[in-house]
file protein.cif (mmCIF, C-alpha atoms)
data_upload
#
loop_
_atom_site.label_atom_id
_atom_site.label_comp_id
_atom_site.auth_asym_id
_atom_site.auth_seq_id
_atom_site.Cartn_x
_atom_site.Cartn_y
_atom_site.Cartn_z
CA MET A 1 -27.96 3.65 17.22
CA CYS A 2 -25.99 6.57 15.70
CA GLN A 3 -25.63 7.26 12.01
CA ALA A 4 -22.17 7.32 10.42
CA THR A 5 -22.64 10.96 9.46
CA ASN A 6 -22.69 11.77 13.18
CA LEU A 7 -19.63 9.76 14.13
CA LYS A 8 -17.18 12.21 15.61
CA CYS A 9 -14.35 9.69 15.28
CA ILE A 10 -14.56 9.81 11.47
CA ASP A 11 -14.81 13.60 11.46
CA ASP A 12 -11.75 13.80 13.71
CA LEU A 13 -9.83 11.40 11.49
CA ILE A 14 -10.52 13.57 8.44
CA THR A 15 -9.74 16.80 10.30
CA ASN A 16 -6.40 15.46 11.51
CA PHE A 17 -5.50 14.35 8.00
CA LYS A 18 -6.38 17.75 6.54
CA GLN A 19 -4.15 19.46 9.11
CA GLN A 20 -1.07 17.50 8.03
CA ARG A 21 1.63 19.51 6.29
CA PRO A 22 2.46 18.92 3.64
CA ILE A 23 -0.54 17.02 2.28
CA ARG A 24 1.02 14.64 -0.23
CA GLY A 25 -1.65 14.60 -2.89
CA GLY A 26 0.11 12.19 -5.21
CA SER A 27 0.46 9.50 -2.56
CA LEU A 28 -3.21 9.77 -1.57
CA ILE A 29 -4.36 9.68 -5.19
CA MET A 30 -2.34 6.54 -5.80
CA SER A 31 -3.89 4.92 -2.73
CA ILE A 32 -7.34 5.64 -4.18
CA TYR A 33 -6.39 4.31 -7.60
CA GLY A 34 -4.98 1.10 -6.17
CA ASP A 35 -7.75 0.46 -3.66
CA ALA A 36 -10.85 1.77 -5.40
CA ILE A 37 -10.39 2.59 -9.08
CA GLU A 38 -8.12 -0.12 -10.45
CA PRO A 39 -10.56 -2.97 -9.57
CA ARG A 40 -13.33 -1.09 -11.40
CA GLY A 41 -11.82 -0.57 -14.81
CA GLY A 42 -8.88 1.60 -13.77
CA SER A 43 -9.95 4.88 -15.43
CA VAL A 44 -11.96 7.88 -14.18
CA TRP A 45 -12.77 11.41 -15.27
CA LEU A 46 -10.52 13.94 -13.57
CA GLY A 47 -13.49 16.10 -12.59
CA SER A 48 -15.17 13.31 -10.64
CA LEU A 49 -11.86 12.47 -8.94
CA ILE A 50 -11.47 16.10 -7.86
CA ASN A 51 -14.93 16.00 -6.28
CA ILE A 52 -14.26 12.99 -4.04
CA LEU A 53 -10.89 14.37 -2.90
CA GLU A 54 -12.21 17.77 -1.84
CA PRO A 55 -13.52 16.57 1.59
CA LEU A 56 -9.98 15.38 2.39
CA GLY A 57 -8.52 18.83 1.93
CA LEU A 58 -7.24 18.53 -1.65
CA ASN A 59 -8.41 21.47 -3.73
CA GLN A 60 -8.69 21.40 -7.50
CA ARG A 61 -5.27 22.97 -8.04
CA LEU A 62 -3.49 20.45 -5.79
CA VAL A 63 -5.23 17.51 -7.47
CA ARG A 64 -4.36 18.74 -10.96
CA THR A 65 -0.74 19.38 -9.97
CA SER A 66 -0.47 15.93 -8.36
CA ILE A 67 -2.01 14.24 -11.41
CA PHE A 68 0.41 16.09 -13.69
CA ARG A 69 3.40 14.89 -11.66
CA LEU A 70 2.15 11.30 -11.52
CA THR A 71 1.72 11.37 -15.29
CA LYS A 72 5.17 12.88 -15.82
CA ASP A 73 6.71 10.21 -13.58
CA GLY A 74 5.05 7.42 -15.57
CA TRP A 75 2.46 6.31 -13.00
CA LEU A 76 -0.61 7.54 -14.86
CA SER A 77 -1.58 8.11 -18.49
CA SER A 78 -4.42 10.22 -19.86
CA GLU A 79 -7.11 9.91 -22.50
CA GLN A 80 -8.81 13.00 -23.86
CA VAL A 81 -12.48 12.68 -24.84
CA GLY A 82 -13.87 16.03 -25.92
CA ARG A 83 -12.95 18.52 -23.21
CA ARG A 84 -12.65 15.86 -20.51
CA SER A 85 -9.51 14.06 -19.36
CA TYR A 86 -9.61 10.49 -18.08
CA TYR A 87 -6.66 9.04 -16.18
CA GLN A 88 -5.57 5.44 -15.69
CA ILE A 89 -2.54 3.62 -14.27
CA THR A 90 0.20 2.85 -16.79
CA THR A 91 1.42 -0.69 -17.47
CA THR A 92 4.62 -0.06 -15.50
CA GLY A 93 2.70 1.54 -12.67
CA ARG A 94 0.26 -1.35 -12.55
CA ARG A 95 3.01 -3.90 -11.91
CA ARG A 96 4.31 -1.89 -8.97
CA PHE A 97 0.78 -1.43 -7.71
CA GLN A 98 0.07 -5.13 -7.82
CA LEU A 99 3.16 -5.83 -5.75
CA ALA A 100 2.37 -3.14 -3.17
CA PHE A 101 -1.31 -3.92 -2.82
CA LYS A 102 -0.73 -7.68 -2.71
CA ARG A 103 0.89 -6.96 0.64
CA VAL A 104 -2.11 -4.92 1.78
CA TYR A 105 -4.75 -7.55 1.06
CA GLY A 106 -2.79 -10.80 0.67
CA GLU A 107 -1.42 -13.41 3.04
CA LEU A 108 0.27 -11.80 6.01
CA HIS A 109 2.97 -14.37 6.80
CA PRO A 110 3.59 -16.98 4.07
CA GLN A 111 5.01 -20.35 5.06
CA TRP A 112 8.76 -20.34 5.62
CA GLN A 113 11.22 -23.18 6.06
CA GLY A 114 14.35 -21.20 6.86
CA GLN A 115 15.47 -20.26 3.33
CA TRP A 116 17.31 -17.00 2.59
CA ASP A 117 18.14 -15.18 -0.65
CA PHE A 118 21.46 -13.33 -0.86
CA LEU A 119 22.54 -10.99 -3.64
CA ILE A 120 26.19 -9.98 -4.05
CA THR A 121 26.19 -6.63 -5.85
CA SER A 122 29.85 -5.57 -5.49
CA ALA A 123 30.50 -5.97 -9.24
CA LEU A 124 28.05 -3.16 -10.06
CA ASP A 125 29.06 0.46 -10.40
CA GLN A 126 27.96 2.74 -7.56
CA GLU A 127 25.02 4.32 -9.42
CA THR A 128 23.58 0.98 -10.55
CA ARG A 129 24.07 -0.55 -7.12
CA LYS A 130 22.19 2.36 -5.56
CA ALA A 131 19.30 1.98 -8.04
CA LEU A 132 19.11 -1.78 -7.39
CA LYS A 133 19.19 -1.29 -3.62
CA LYS A 134 16.29 1.17 -3.88
CA GLU A 135 14.16 -1.10 -6.07
CA LEU A 136 14.80 -4.18 -3.96
CA GLY A 137 14.18 -2.16 -0.82
CA TRP A 138 10.54 -1.89 -1.94
CA GLN A 139 10.53 -5.69 -2.10
CA GLY A 140 11.85 -6.00 1.45
CA PHE A 141 15.55 -6.64 0.89
CA ALA A 142 17.99 -5.29 3.48
CA SER A 143 21.60 -4.28 3.02
CA ILE A 144 23.30 -6.45 5.63
CA SER A 145 26.84 -5.62 4.54
CA SER A 146 28.60 -3.64 1.82
CA GLY A 147 27.56 -5.14 -1.52
CA LEU A 148 25.31 -7.76 0.08
CA LEU A 149 21.49 -7.73 0.10
CA ALA A 150 19.36 -10.32 1.87
CA HIS A 151 15.75 -11.40 2.31
CA PRO A 152 14.25 -14.51 3.97
CA ASN A 153 11.04 -14.63 1.96
CA CYS A 154 11.43 -12.78 -1.35
CA ASP A 155 9.09 -12.95 -4.33
CA ALA A 156 11.23 -14.88 -6.83
CA LYS A 157 9.22 -13.75 -9.87
CA GLU A 158 9.35 -10.10 -8.87
CA LEU A 159 13.07 -10.31 -8.12
CA LYS A 160 13.78 -11.80 -11.55
CA THR A 161 11.72 -9.09 -13.27
CA THR A 162 13.55 -6.33 -11.41
CA LEU A 163 16.99 -7.72 -12.24
CA GLN A 164 16.02 -7.97 -15.90
CA GLU A 165 14.58 -4.46 -16.04
CA LEU A 166 17.74 -2.99 -14.53
CA GLN A 167 19.83 -5.20 -16.84
CA VAL A 168 21.94 -6.58 -14.01
CA SER A 169 21.00 -10.26 -14.13
CA HIS A 170 24.50 -11.26 -15.27
CA ASP A 171 26.33 -8.81 -13.00
CA ILE A 172 25.12 -9.96 -9.59
CA VAL A 173 25.54 -13.24 -7.75
CA HIS A 174 22.26 -14.69 -6.45
CA MET A 175 22.63 -17.37 -3.79
CA LYS A 176 20.15 -19.31 -1.70
CA SER A 177 20.91 -20.65 1.75
CA GLU A 178 19.03 -22.53 4.43
CA LEU A 179 19.28 -22.40 8.21
CA GLN A 180 20.71 -25.59 9.63
CA ASP A 181 19.30 -25.39 13.16
CA ALA A 182 16.33 -23.56 14.65
CA LEU A 183 14.52 -21.17 12.29
CA ALA A 184 14.88 -18.19 14.60
CA THR A 185 17.48 -18.16 17.34
CA ASP A 186 17.78 -15.15 19.63
CA CYS A 187 20.97 -14.19 17.82
CA LEU A 188 19.27 -14.22 14.42
CA LYS A 189 16.29 -12.24 15.70
CA LYS A 190 18.64 -9.60 17.07
CA LEU A 191 20.37 -9.31 13.71
CA VAL A 192 17.08 -9.14 11.85
CA ASN A 193 15.81 -6.41 14.16
CA GLY A 194 18.82 -4.29 13.30
CA TRP A 195 18.91 -5.00 9.57
CA TRP A 196 15.31 -3.87 9.13
CA ASP A 197 14.91 -1.48 12.11
CA LEU A 198 11.86 -3.33 13.39
CA ASN A 199 11.60 -1.05 16.43
CA GLN A 200 10.81 1.95 14.24
CA LEU A 201 8.38 -0.09 12.15
CA ALA A 202 6.62 -1.27 15.33
CA CYS A 203 6.20 2.35 16.43
CA GLU A 204 4.47 3.17 13.16
CA TYR A 205 2.12 0.20 13.53
CA GLN A 206 1.33 1.28 17.09
CA HIS A 207 0.48 4.78 15.88
CA PHE A 208 -1.85 3.21 13.30
CA LEU A 209 -3.53 1.21 16.08
CA ARG A 210 -3.98 4.28 18.28
CA THR A 211 -5.58 6.12 15.36
CA PHE A 212 -8.02 3.49 14.12
CA THR A 213 -8.80 1.19 17.08
CA PRO A 214 -11.34 3.61 18.67
CA ILE A 215 -13.29 3.72 15.40
CA LEU A 216 -14.06 -0.01 15.26
CA PRO A 217 -16.59 -0.32 18.13
CA GLN A 218 -18.38 2.83 16.98
CA LEU A 219 -18.81 1.46 13.46
CA GLN A 220 -20.00 -1.85 14.84
CA ALA A 221 -22.74 0.02 16.71
CA VAL A 222 -24.10 1.72 13.57
CA ASP A 223 -27.21 0.37 11.85
CA GLU A 224 -26.79 2.13 8.51
CA LEU A 225 -23.48 3.60 7.39
CA ASP A 226 -23.26 6.80 5.34
CA ALA A 227 -21.71 6.09 1.94
CA GLN A 228 -19.40 9.11 1.77
CA SER A 229 -18.18 8.59 5.34
CA CYS A 230 -17.43 4.96 4.50
CA PHE A 231 -15.43 5.96 1.44
CA LEU A 232 -13.41 8.57 3.31
CA LEU A 233 -12.72 6.17 6.18
CA ARG A 234 -11.74 3.35 3.82
CA THR A 235 -9.46 5.69 1.86
CA LEU A 236 -7.59 6.97 4.92
CA LEU A 237 -7.44 3.47 6.42
CA ILE A 238 -5.79 1.94 3.36
CA HIS A 239 -3.65 5.00 2.71
CA GLN A 240 -2.13 4.93 6.20
CA TYR A 241 -1.79 1.14 6.23
CA ARG A 242 -0.17 1.09 2.78
CA LYS A 243 2.41 3.71 3.80
CA ILE A 244 3.58 1.46 6.63
CA LEU A 245 3.58 -1.67 4.48
CA LEU A 246 5.87 0.03 1.95
CA LYS A 247 8.50 -0.05 4.71
CA ASP A 248 7.59 -3.51 5.99
CA PRO A 249 9.92 -6.23 4.62
CA HIS A 250 7.19 -8.88 4.94
CA LEU A 251 9.28 -11.13 7.15
CA PRO A 252 8.23 -14.62 8.24
CA GLN A 253 6.44 -14.82 11.58
CA ALA A 254 9.29 -16.83 13.08
CA LEU A 255 11.66 -13.85 12.74
CA LEU A 256 9.33 -11.32 14.35
CA PRO A 257 8.70 -10.52 18.03
CA SER A 258 5.89 -12.56 19.60
CA ASP A 259 3.90 -9.39 20.24
CA TRP A 260 4.45 -7.94 16.76
CA ALA A 261 2.12 -4.94 16.35
CA GLY A 262 1.86 -5.57 12.61
CA ASN A 263 -0.34 -8.61 13.27
CA THR A 264 -2.82 -6.58 15.32
CA ALA A 265 -2.79 -3.78 12.75
CA ARG A 266 -3.61 -6.22 9.97
CA GLU A 267 -6.58 -7.65 11.89
CA LEU A 268 -7.88 -4.16 12.65
CA CYS A 269 -7.54 -3.05 9.04
CA GLN A 270 -9.40 -6.13 7.83
CA ASN A 271 -12.25 -5.66 10.32
CA LEU A 272 -12.73 -1.98 9.48
CA TYR A 273 -12.56 -2.69 5.75
CA GLN A 274 -15.26 -5.35 6.08
CA LEU A 275 -17.56 -2.85 7.75
CA CYS A 276 -17.19 0.01 5.28
CA TYR A 277 -16.32 -1.37 1.84
CA GLN A 278 -19.86 -1.98 0.54
CA GLN A 279 -21.14 1.53 1.19
CA ALA A 280 -17.86 2.93 -0.11
CA GLU A 281 -18.39 1.01 -3.35
CA GLN A 282 -21.86 2.52 -3.64
CA TYR A 283 -20.39 5.98 -3.17
CA LEU A 284 -17.91 5.33 -5.99
CA SER A 285 -20.75 4.18 -8.26
CA ASP A 286 -22.70 7.34 -7.48
CA THR A 287 -19.84 9.80 -7.99
CA GLN A 288 -17.27 8.50 -10.49
CA GLU A 289 -17.45 8.61 -14.28
CA THR A 290 -15.53 6.90 -17.05
CA ALA A 291 -15.36 7.74 -20.75
CA ALA A 292 -18.03 5.05 -21.29
CA GLY A 293 -20.29 6.31 -18.48
CA ALA A 294 -20.69 4.68 -15.07
CA LEU A 295 -17.93 2.74 -13.35
CA PRO A 296 -18.04 -1.00 -14.12
CA ASP A 297 -18.55 -3.42 -11.25
CA ALA A 298 -15.50 -4.47 -9.27
CA ASP A 299 -13.64 -7.45 -10.72
CA ALA A 300 -13.47 -10.86 -9.04
CA SER A 301 -10.07 -10.17 -7.44
CA PHE A 302 -11.60 -7.38 -5.36
CA TYR A 303 -13.71 -9.85 -3.40
CA LYS A 304 -10.66 -12.00 -2.59
CA ARG A 305 -9.09 -9.23 -0.50
CA PHE A 306 -8.18 -10.18 3.07
CA GLY A 307 -8.95 -13.79 2.26
CA GLY A 308 -12.48 -12.98 1.07
CA ILE A 309 -14.84 -10.09 1.80
#
call {"tool": "encode", "arguments": {"input": "protein.cif", "output": "structure tokens"}}
result
Amino acid sequence: MCQATNLKCIDDLITNFKQQRPIRGGSLIMSIYGDAIEPRGGSVWLGSLINILEPLGLNQRLVRTSIFRLTKDGWLSSEQVGRRSYYQITTTGRRRFQLAFKRVYGELHPQWQGQWDFLITSALDQETRKALKKELGWQGFASISSGLLAHPNCDAKELKTTLQELQVSHDIVHMKSELQDALATDCLKKLVNGWWDLNQLACEYQHFLRTFTPILPQLQAVDELDAQSCFLLRTLLIHQYRKILLKDPHLPQALLPSDWAGNTARELCQNLYQLCYQQAEQYLSDTQETAAGALPDADASFYKRFGGI
């Protein structure tokens, strides 16, 4: 049996990532915070973060610049202890993280009985309407007509919070409707495909599958996995999967094609995560520092990912 340190598939994955231009350091750092750091206290020393990012092609200057921008944009905040800086996700950033990462690890297709949410936004000024469309786009809403947003399975609590934060609760009309016949006729599926451009989303899932599917059987054949390799694989796995999910409206299964690539991608991501998460956690324990010393153990929610790991 081969050791993970000798797996060419992981080396190739890392090499291909390092050759991307531009390398978006901020996005990768946020993937690491959401997947690895937030469940273990949420704060790490910048120096130890720089060290684990170096194998992925992020030098010290790029990491510092990315951290500065994330802090300026309100995603991260810092704590100075002596000459060391420790960074953690802000309260506002944490809410957005919880929404995004709930999609990564949570239920893939919640139960649906044919209900739809519609928001009429025509009473808003153009700038406010644009801001609302952007925020609700992250939650999966589509603009199906001028001044009309729709979603068949929205998070009611998150929607209410967003409307309150943008101070538009009394300026939009929120309606609920329910399909009267079959949940997904061919006509409705055709409309849905266009509203959310599911063809493009399917292409991105297929690219994800081509990238990570060859790695699974090789990991399954390994007796003992190298901790650093596991961390790097887990990081790139979740980073790439999260980027696709940010564009995925989280539609009910009934509205998707029968051969929807997102289902296969989810199963693959879960299987790879199961194989590498424990050694990756050990690597984090060995390399990351907080102001109080070692990283705390992962919280209980971590072990509920993908239905239980």
call {"tool": "atom_distance", "arguments": {"input": "protein.cif", "atom1": "atom CA of A:Gln200", "atom2": "atom CA of A:Pro257"}}
result
13.2 Å
call {"tool": "closest_residue", "arguments": {"input": "protein.cif", "among": "A:Arg94, A:Ala292, A:Val44, A:Glu107", "to": "A:Ser78", "atoms": "only C-alpha atoms"}}
result
A:Val44
call {"tool": "atom_distance", "arguments": {"input": "protein.cif", "atom1": "atom CA of A:Leu225", "atom2": "atom CA of A:Ile244"}}
result
27.2 Å
call {"tool": "resolve_selection", "arguments": {"input": "protein.cif", "expression": "the PyMOL selection byres ((chain A and resi 93) around 10)", "output": "number ranges by chain"}}
result
A: 30, 70, 73-77, 88-92, 94-98
call {"tool": "closest_atom_pairs", "arguments": {"input": "protein.cif", "of": "stretch 65-145 of chain A", "to": "stretch 183-197 of chain A", "cutoff": "12 Å", "atoms": "all atoms listed in the file", "output": "tab-separated table"}}
result
residue	atom	partner	partner_atom	distance
A:Gln111	CA	A:Leu183	CA	12.0
A:Trp112	CA	A:Leu183	CA	8.9
A:Gln113	CA	A:Leu183	CA	7.3
A:Gly114	CA	A:Leu183	CA	5.4
A:Gln115	CA	A:Leu183	CA	9.1
A:Trp116	CA	A:Leu183	CA	10.9
A:Gly137	CA	A:Trp196	CA	10.2
A:Gly140	CA	A:Trp196	CA	8.7
A:Phe141	CA	A:Trp196	CA	8.7
A:Ala142	CA	A:Trp195	CA	6.2
A:Ser143	CA	A:Trp195	CA	7.1
A:Ile144	CA	A:Trp195	CA	6.1
A:Ser145	CA	A:Trp195	CA	9.4
call {"tool": "residues_around", "arguments": {"input": "protein.cif", "residues": "stretch 261-263 of chain A", "least_positions_apart": "3", "cutoff": "6 Å", "atoms": "all atoms listed in the file", "output": "list in words"}}
result
Ala202, Tyr205 and Arg266 of chain A
call {"tool": "resolve_selection", "arguments": {"input": "protein.cif", "expression": "the PyMOL selection byres ((chain A and resi 270) around 12)", "output": "VMD selection string"}}
result
chain A and resid 104 to 108 212 to 213 216 234 237 to 238 241 263 to 269 271 to 277 305 to 309
call {"tool": "write_last_selection", "arguments": {"input": "protein.cif", "atoms": "C-alpha atoms", "output": "JSON list (two decimals), in the frame of the given file"}}
result
[["chain", "number", "residue", "atom", "x", "y", "z"],
["A", 104, "VAL", "CA", -2.11, -4.92, 1.78],
["A", 105, "TYR", "CA", -4.75, -7.55, 1.06],
["A", 106, "GLY", "CA", -2.79, -10.80, 0.67],
["A", 107, "GLU", "CA", -1.42, -13.41, 3.04],
["A", 108, "LEU", "CA", 0.27, -11.80, 6.01],
["A", 212, "PHE", "CA", -8.02, 3.49, 14.12],
["A", 213, "THR", "CA", -8.80, 1.19, 17.08],
["A", 216, "LEU", "CA", -14.06, -0.01, 15.26],
["A", 234, "ARG", "CA", -11.74, 3.35, 3.82],
["A", 237, "LEU", "CA", -7.44, 3.47, 6.42],
["A", 238, "ILE", "CA", -5.79, 1.94, 3.36],
["A", 241, "TYR", "CA", -1.79, 1.14, 6.23],
["A", 263, "ASN", "CA", -0.34, -8.61, 13.27],
["A", 264, "THR", "CA", -2.82, -6.58, 15.32],
["A", 265, "ALA", "CA", -2.79, -3.78, 12.75],
["A", 266, "ARG", "CA", -3.61, -6.22, 9.97],
["A", 267, "GLU", "CA", -6.58, -7.65, 11.89],
["A", 268, "LEU", "CA", -7.88, -4.16, 12.65],
["A", 269, "CYS", "CA", -7.54, -3.05, 9.04],
["A", 271, "ASN", "CA", -12.25, -5.66, 10.32],
["A", 272, "LEU", "CA", -12.73, -1.98, 9.48],
["A", 273, "TYR", "CA", -12.56, -2.69, 5.75],
["A", 274, "GLN", "CA", -15.26, -5.35, 6.08],
["A", 275, "LEU", "CA", -17.56, -2.85, 7.75],
["A", 276, "CYS", "CA", -17.19, 0.01, 5.28],
["A", 277, "TYR", "CA", -16.32, -1.37, 1.84],
["A", 305, "ARG", "CA", -9.09, -9.23, -0.50],
["A", 306, "PHE", "CA", -8.18, -10.18, 3.07],
["A", 307, "GLY", "CA", -8.95, -13.79, 2.26],
["A", 308, "GLY", "CA", -12.48, -12.98, 1.07],
["A", 309, "ILE", "CA", -14.84, -10.09, 1.80]]
call {"tool": "residues_near_point", "arguments": {"input": "protein.cif", "point": "(-18.2, 7.4, 10.1)", "cutoff": "12 Å", "atoms": "all atoms listed in the file", "output": "number ranges by chain"}}
result
A: 2-14, 212, 214-234, 236, 272, 275-276, 279-280
call {"tool": "residues_around", "arguments": {"input": "protein.cif", "residues": "stretch 48-55 of chain A", "least_positions_apart": "6", "cutoff": "8 Å", "atoms": "all atoms listed in the file", "output": "number ranges by chain"}}
result
A: 63, 287-289
call {"tool": "write_last_selection", "arguments": {"input": "protein.cif", "atoms": "C-alpha atoms", "output": "PDB file, in the coordinates of the input"}}
result
ATOM      1  CA  VAL A  63      -5.230  17.510  -7.470  1.00  0.00           C
ATOM      2  CA  THR A 287     -19.840   9.800  -7.990  1.00  0.00           C
ATOM      3  CA  GLN A 288     -17.270   8.500 -10.490  1.00  0.00           C
ATOM      4  CA  GLU A 289     -17.450   8.610 -14.280  1.00  0.00           C
TER       5      GLU A 289
END
call {"tool": "resolve_selection", "arguments": {"input": "protein.cif", "expression": "the PyMOL selection byres ((chain A and resi 67) around 9)", "output": "PDB file with C-alpha atoms, in the frame of the given file"}}
result
ATOM      1  CA  GLY A  25      -1.650  14.600  -2.890  1.00  0.00           C
ATOM      2  CA  GLY A  26       0.110  12.190  -5.210  1.00  0.00           C
ATOM      3  CA  ILE A  29      -4.360   9.680  -5.190  1.00  0.00           C
ATOM      4  CA  LEU A  46     -10.520  13.940 -13.570  1.00  0.00           C
ATOM      5  CA  LEU A  62      -3.490  20.450  -5.790  1.00  0.00           C
ATOM      6  CA  VAL A  63      -5.230  17.510  -7.470  1.00  0.00           C
ATOM      7  CA  ARG A  64      -4.360  18.740 -10.960  1.00  0.00           C
ATOM      8  CA  THR A  65      -0.740  19.380  -9.970  1.00  0.00           C
ATOM      9  CA  SER A  66      -0.470  15.930  -8.360  1.00  0.00           C
ATOM     10  CA  PHE A  68       0.410  16.090 -13.690  1.00  0.00           C
ATOM     11  CA  ARG A  69       3.400  14.890 -11.660  1.00  0.00           C
ATOM     12  CA  LEU A  70       2.150  11.300 -11.520  1.00  0.00           C
ATOM     13  CA  THR A  71       1.720  11.370 -15.290  1.00  0.00           C
ATOM     14  CA  LYS A  72       5.170  12.880 -15.820  1.00  0.00           C
ATOM     15  CA  LEU A  76      -0.610   7.540 -14.860  1.00  0.00           C
ATOM     16  CA  TYR A  87      -6.660   9.040 -16.180  1.00  0.00           C
TER      17      TYR A  87
END
call {"tool": "closest_residue", "arguments": {"input": "protein.cif", "among": "A:Leu251, A:Ala298, A:Ile172, A:Leu246", "to": "A:Gly42", "atoms": "only C-alpha atoms"}}
result
A:Ala298
call {"tool": "decode", "arguments": {"input": "protein.cif", "residues": "stretch 138-165 of chain A", "atoms": "C-alpha atoms", "output": "tab-separated table (two decimals), in the first residue's frame"}}
result
chain	number	residue	atom	x	y	z
A	138	TRP	CA	-26.33	34.38	-2.22
A	139	GLN	CA	-29.44	32.79	-0.72
A	140	GLY	CA	-30.49	31.32	-4.06
A	141	PHE	CA	-33.13	33.78	-5.24
A	142	ALA	CA	-33.45	34.36	-8.99
A	143	SER	CA	-34.68	37.44	-10.80
A	144	ILE	CA	-37.46	35.97	-12.93
A	145	SER	CA	-38.80	39.32	-14.14
A	146	SER	CA	-38.14	43.02	-13.60
A	147	GLY	CA	-38.73	43.73	-9.91
A	148	LEU	CA	-39.62	40.12	-9.09
A	149	LEU	CA	-37.41	37.64	-7.20
A	150	ALA	CA	-38.33	34.01	-6.60
A	151	HIS	CA	-37.16	30.92	-4.74
A	152	PRO	CA	-38.87	27.54	-4.17
A	153	ASN	CA	-37.12	26.65	-0.94
A	154	CYS	CA	-35.78	29.76	0.80
A	155	ASP	CA	-34.54	30.00	4.37
A	156	ALA	CA	-37.32	32.08	5.97
A	157	LYS	CA	-35.21	33.16	8.95
A	158	GLU	CA	-32.30	34.24	6.79
A	159	LEU	CA	-34.61	36.10	4.41
A	160	LYS	CA	-36.20	38.02	7.29
A	161	THR	CA	-32.78	38.95	8.69
A	162	THR	CA	-31.58	40.22	5.32
A	163	LEU	CA	-34.68	42.34	4.75
A	164	GLN	CA	-34.28	43.86	8.21
A	165	GLU	CA	-30.58	44.57	7.77
